[in-house]
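So the structure is just underneath, and the comments pick up after that.
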Amino acid sequence: MTWTLALRNLLRQPARSLTTLFAIVVGVASLILSAGFVRDIVAQLGEAFISSQTGHIQIAVPQYFASANRATGEVLLHDAPALRKAASAVPGVADVMGRLSFSGVLNNGRRDYSILGFGVEPAAESRLGTGLHIVAGRDLTATDEFGALLGEGLATALGVGPGEPLTLLASTPDGAMNTIDVEVVGTFRSFSKDFDARALRLPLRAAQTLLDTDGVNVLVLRLDETAQTDLIAQRLRQQLGPRLAVREWHTLSDFYEKTVALYRRQFGVLQLIVLAMVLLSVANSVNMSAFERIPEFGTLRALGTRNGALRTLILTETLVLGLVGAVLGAIAGMGLARLVSFVGIPMPPAPGSDVGYIAHISPAFTDVASAAAIGLVATVLAGIPPAVRCARLPITDALRRAI
């Protein structure tokens with residue numbers, strides 16, 4: 001009976017009911033769109049770091065990750081072949097590749113430049129490194145014995161391009177100095193401008209020759225799905241034990257963690273703003289409706305309707321509005337998200353980057369459910385004050401409004 005009466009009351013005032021519904025729908029849809037936008041930015045940022053720098057998971061001795069400078073050839077994995085075989089056997093691991101990182105000096109015959117070097121396996125890295133954009137020349141291949149791939153900023157600083165020879169100087173794990181001659185095969189641009197300003201890649205065998213070692217200091221894993229990262233990392237920790245450190249990609253980038261924290265804080269503020277907007281809009285509409293219906297409430301009270309029943313009626317009306325608005329807002333938000341994602345949003349490069357990207361809106365089910373719940377709760381909360389006030393109004397005062 002209460003639900004039927006509440007629905008009839010809402011239909012009696014279609015203009016005001018539609019205005020309130022519009023505010024709820026806009027609020028819920030806005031939350032869905034903003035949540036999906038932030039989620040997509042975070043996902044694309046993570047994939048950019050995975051594919052251009054970190055991989056999904058890295059395995060090394062604890063000292064490697066504890067070092068302030070991870071570009072060091074002094075911390076080596078002594079049983080890398082066995083570890084590679086064990087990691088490859090874990091379900092969900094697509095590739096296991098070795099890297100030998102070091103710091104050194106690059107010379108072009110005119111000047112020296114400090115660099116961060118990475119000896120990599122070109123074939124496996126090409127499958128991982130979709131986040132590297134080749135801006136000149138080509139990528140490394142398995143046939144490049146002493147080829148070098150330079151970050152765009154590093155190549156610009158040295159004034160070199162594909163085909164030019166360079167001399168690379170580095171310290172071996174024993175403390176001796178060693179040099180090799182390399183040839184630039186190309187330049188790349190990654191998500192991080194600072195990384196491109198110092199990074200150099202060369203084949204793993206060339207890096208091992210430079211450092212006079214046959215080892216690697218980190219194994220990088222590429223997974224079938226990024227969502228499996230934490231689960232597979234936990235399995236590897238149980239399998240490898242405490243003597244080795246296993247790090248997920250999102251713990252390897254301080255920039256990523258701080259950026260995600262920033263976006264989440266901003267989205268939290270946006271949620272509060274939308275909640276306040278829905279509260280004020282619905283409260284205004286319900287208050288005006290309740291003021292106009294005071295004689296009606298007085299008549300109901302005079303006919304024996306109890307205060308609690310009157311409060312329940314008003315709250316039921318707001319609950320119906322909230323339910324309908326939350327559902328319509330969820331439908332509108334998902335529809336707009338698909339439409340915008342189909343078109344795409346061209347985005348400028350993020351701070352510290354030279355690479356723009358196409359953003360989409362990819363809300364998860366939890367985002368939709370959360371937005372709908374916020375819209376519903378805000379609507380019900382907005383209906384509480386007028387419901388309490390109208391129920392407490394003396395019958396004589398309420399009936400006097402009808403005269």
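Simple scheme: letters A, B, ... for chains in structure tokens order, numbers from 1 for residues in each chain, numbers from 1 for ligands in the order shown.
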
Requested in this report: Would you please give, as a count of residues only, all residues of segment 199-253 of chain A that DSSP assigns to strand (DSSP E) based on the backbone?
Outcome: 15

Each segment 311-394 of chain A residue no farther than 7 Å from segment 38-43 of chain A, nearest pair in Å, only C-alpha atoms, as a Markdown table:
| residue | atom | partner | partner_atom | distance |
| --- | --- | --- | --- | --- |
| A:Ala359 | CA | A:Ile41 | CA | 6.7 |
| A:His360 | CA | A:Asp40 | CA | 6.1 |
| A:Ile361 | CA | A:Asp40 | CA | 6.1 |
| A:Ser362 | CA | A:Asp40 | CA | 5.7 |
| A:Pro363 | CA | A:Arg39 | CA | 6.8 |

Margin query: So that I can see what lies close to Gln53 of chain A, please list as a PyMOL selection string the residues with an atom at most 9 Å from it, counting only C-alpha atoms and leaving out residues fewer than 2 positions away in the same chain.
Written below: chain A and resi 48-51+55+129+131-132+190+195

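Minimum distance to Gln234 of chain A across A:Val246, A:Leu149, A:Ile134, A:Leu339 (counting only C-alpha atoms) occurs at A:Val246.
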
message: Neighbouring residues of Ala29 of chain A were defined as those with any atom within 6 Å, considering only C-alpha atoms; residues of the same chain fewer than 3 positions away were excluded. Please report them as a ChimeraX atom specification.
response: /A:25-26,32,329,333

At a cut-off of 12 Å, using only C-alpha atoms, what residues contact Ala330 of chain A? Leave out same-chain residues fewer than 5 positions from it and give the result as a PyMOL selection string. chain A and resi 24-33+322-325+335-337+363-376

Using only C-alpha atoms, the best pick from A:Thr4, A:Arg198, A:Gly46, A:Leu21 as closest to His250 of chain A would be A:Gly46

What's the 10 Å shell around Arg243 of chain A, counting only C-alpha atoms, without same-chain residues fewer than 4 positions away, as a CSV table (one decimal) with N, CA, C and O atoms, in the first residue's frame?
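What landed in out.csv:
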chain,number,residue,atom,x,y,z
A,60,ALA,N,65.3,-11.3,-8.7
A,60,ALA,CA,66.7,-11.0,-8.5
A,60,ALA,C,67.0,-11.2,-7.1
A,60,ALA,O,66.1,-11.6,-6.2
A,61,VAL,N,68.3,-11.1,-6.7
A,61,VAL,CA,68.7,-11.2,-5.3
A,61,VAL,C,68.2,-10.0,-4.6
A,61,VAL,O,68.0,-8.9,-5.2
A,62,PRO,N,67.9,-10.1,-3.3
A,62,PRO,CA,67.4,-8.9,-2.6
A,62,PRO,C,68.2,-7.7,-2.7
A,62,PRO,O,67.7,-6.5,-2.7
A,237,ARG,N,57.2,-16.7,-5.1
A,237,ARG,CA,57.8,-16.5,-3.8
A,237,ARG,C,57.8,-17.8,-3.0
A,237,ARG,O,58.7,-18.1,-2.3

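The nearest approach to Gly119 of chain A among the residues A:Ala155, A:Leu106, A:Val218, A:Ile232, with only C-alpha atoms taken into account, belongs to A:Val218.
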
As an MDAnalysis selection string, list the residues of segment 34-144 of chain A assigned to alpha helix (DSSP H) by DSSP on the backbone atoms of this structure.
-> chainID A and resid 34:49 62:66 80:88 122:128

Keeping only N, CA and C atoms, write the selected residues to a file as a short mmCIF file (atom, residue, chain, number, x, y, z; two decimals), in the first residue's frame.
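This is the output file selection-v6.cif:
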data_model
loop_
_atom_site.label_atom_id
_atom_site.label_comp_id
_atom_site.auth_asym_id
_atom_site.auth_seq_id
_atom_site.Cartn_x
_atom_site.Cartn_y
_atom_site.Cartn_z
N SER A 34 33.66 9.28 -14.77
CA SER A 34 34.94 9.68 -14.18
C SER A 34 35.71 8.48 -13.65
N ALA A 35 34.99 7.52 -13.04
CA ALA A 35 35.67 6.31 -12.54
C ALA A 35 36.27 5.51 -13.69
N GLY A 36 35.51 5.38 -14.79
CA GLY A 36 36.03 4.65 -15.95
C GLY A 36 37.20 5.35 -16.60
N PHE A 37 37.16 6.68 -16.62
CA PHE A 37 38.26 7.45 -17.20
C PHE A 37 39.53 7.27 -16.38
N VAL A 38 39.42 7.40 -15.06
CA VAL A 38 40.58 7.23 -14.19
C VAL A 38 41.11 5.80 -14.29
N ARG A 39 40.20 4.82 -14.31
CA ARG A 39 40.63 3.42 -14.40
C ARG A 39 41.41 3.17 -15.69
N ASP A 40 40.96 3.75 -16.79
CA ASP A 40 41.65 3.55 -18.07
C ASP A 40 43.02 4.23 -18.06
N ILE A 41 43.10 5.43 -17.50
CA ILE A 41 44.39 6.12 -17.43
C ILE A 41 45.39 5.30 -16.62
N VAL A 42 44.94 4.80 -15.48
CA VAL A 42 45.82 4.01 -14.62
C VAL A 42 46.26 2.73 -15.34
N ALA A 43 45.31 2.07 -16.03
CA ALA A 43 45.64 0.83 -16.74
C ALA A 43 46.63 1.09 -17.87
N GLN A 44 46.41 2.16 -18.65
CA GLN A 44 47.33 2.45 -19.75
C GLN A 44 48.71 2.85 -19.23
N LEU A 45 48.73 3.60 -18.13
CA LEU A 45 50.01 3.97 -17.55
C LEU A 45 50.77 2.74 -17.09
N GLY A 46 50.06 1.81 -16.44
CA GLY A 46 50.70 0.57 -16.00
C GLY A 46 51.24 -0.24 -17.15
N GLU A 47 50.44 -0.40 -18.20
CA GLU A 47 50.89 -1.17 -19.36
C GLU A 47 52.08 -0.52 -20.04
N ALA A 48 52.12 0.81 -20.03
CA ALA A 48 53.26 1.50 -20.63
C ALA A 48 54.54 1.19 -19.88
N PHE A 49 54.48 1.19 -18.55
CA PHE A 49 55.68 0.86 -17.77
C PHE A 49 56.05 -0.61 -17.94
N PRO A 62 67.90 -10.07 -3.29
CA PRO A 62 67.36 -8.91 -2.57
C PRO A 62 68.23 -7.66 -2.67
N GLN A 63 69.56 -7.84 -2.74
CA GLN A 63 70.45 -6.68 -2.79
C GLN A 63 70.21 -5.84 -4.04
N TYR A 64 69.77 -6.47 -5.11
CA TYR A 64 69.54 -5.74 -6.36
C TYR A 64 68.44 -4.70 -6.18
N PHE A 65 67.33 -5.10 -5.57
CA PHE A 65 66.23 -4.16 -5.37
C PHE A 65 66.50 -3.19 -4.24
N ALA A 66 67.37 -3.58 -3.31
CA ALA A 66 67.69 -2.68 -2.20
C ALA A 66 68.65 -1.59 -2.62
N ALA A 80 70.89 -18.51 -12.89
CA ALA A 80 69.86 -17.97 -13.78
C ALA A 80 69.22 -19.04 -14.67
N PRO A 81 69.98 -19.99 -15.28
CA PRO A 81 69.33 -21.00 -16.14
C PRO A 81 68.29 -21.83 -15.39
N ALA A 82 68.61 -22.26 -14.16
CA ALA A 82 67.65 -23.05 -13.39
C ALA A 82 66.45 -22.20 -12.99
N LEU A 83 66.68 -20.96 -12.63
CA LEU A 83 65.57 -20.08 -12.27
C LEU A 83 64.67 -19.80 -13.47
N ARG A 84 65.29 -19.64 -14.62
CA ARG A 84 64.53 -19.39 -15.84
C ARG A 84 63.61 -20.58 -16.14
N LYS A 85 64.14 -21.77 -15.97
CA LYS A 85 63.34 -22.98 -16.22
C LYS A 85 62.20 -23.10 -15.23
N ALA A 86 62.48 -22.81 -13.96
CA ALA A 86 61.44 -22.91 -12.93
C ALA A 86 60.35 -21.87 -13.15
N ALA A 87 60.73 -20.65 -13.50
CA ALA A 87 59.73 -19.60 -13.73
C ALA A 87 58.90 -19.88 -14.97
N SER A 88 59.53 -20.42 -16.00
CA SER A 88 58.80 -20.72 -17.24
C SER A 88 57.75 -21.79 -17.03
N PRO A 122 66.92 -9.51 -27.46
CA PRO A 122 66.08 -8.75 -28.41
C PRO A 122 64.76 -9.43 -28.78
N ALA A 123 64.79 -10.75 -29.03
CA ALA A 123 63.56 -11.41 -29.48
C ALA A 123 62.49 -11.35 -28.40
N ALA A 124 62.85 -11.71 -27.16
CA ALA A 124 61.88 -11.69 -26.06
C ALA A 124 61.45 -10.26 -25.72
N GLU A 125 62.39 -9.32 -25.76
CA GLU A 125 62.06 -7.94 -25.44
C GLU A 125 61.12 -7.33 -26.47
N SER A 126 61.25 -7.74 -27.72
CA SER A 126 60.36 -7.20 -28.74
C SER A 126 58.92 -7.63 -28.50
N ARG A 127 58.73 -8.81 -27.90
CA ARG A 127 57.38 -9.25 -27.58
C ARG A 127 56.83 -8.50 -26.37
N LEU A 128 57.71 -8.06 -25.50
CA LEU A 128 57.29 -7.30 -24.32
C LEU A 128 57.21 -5.82 -24.61
#
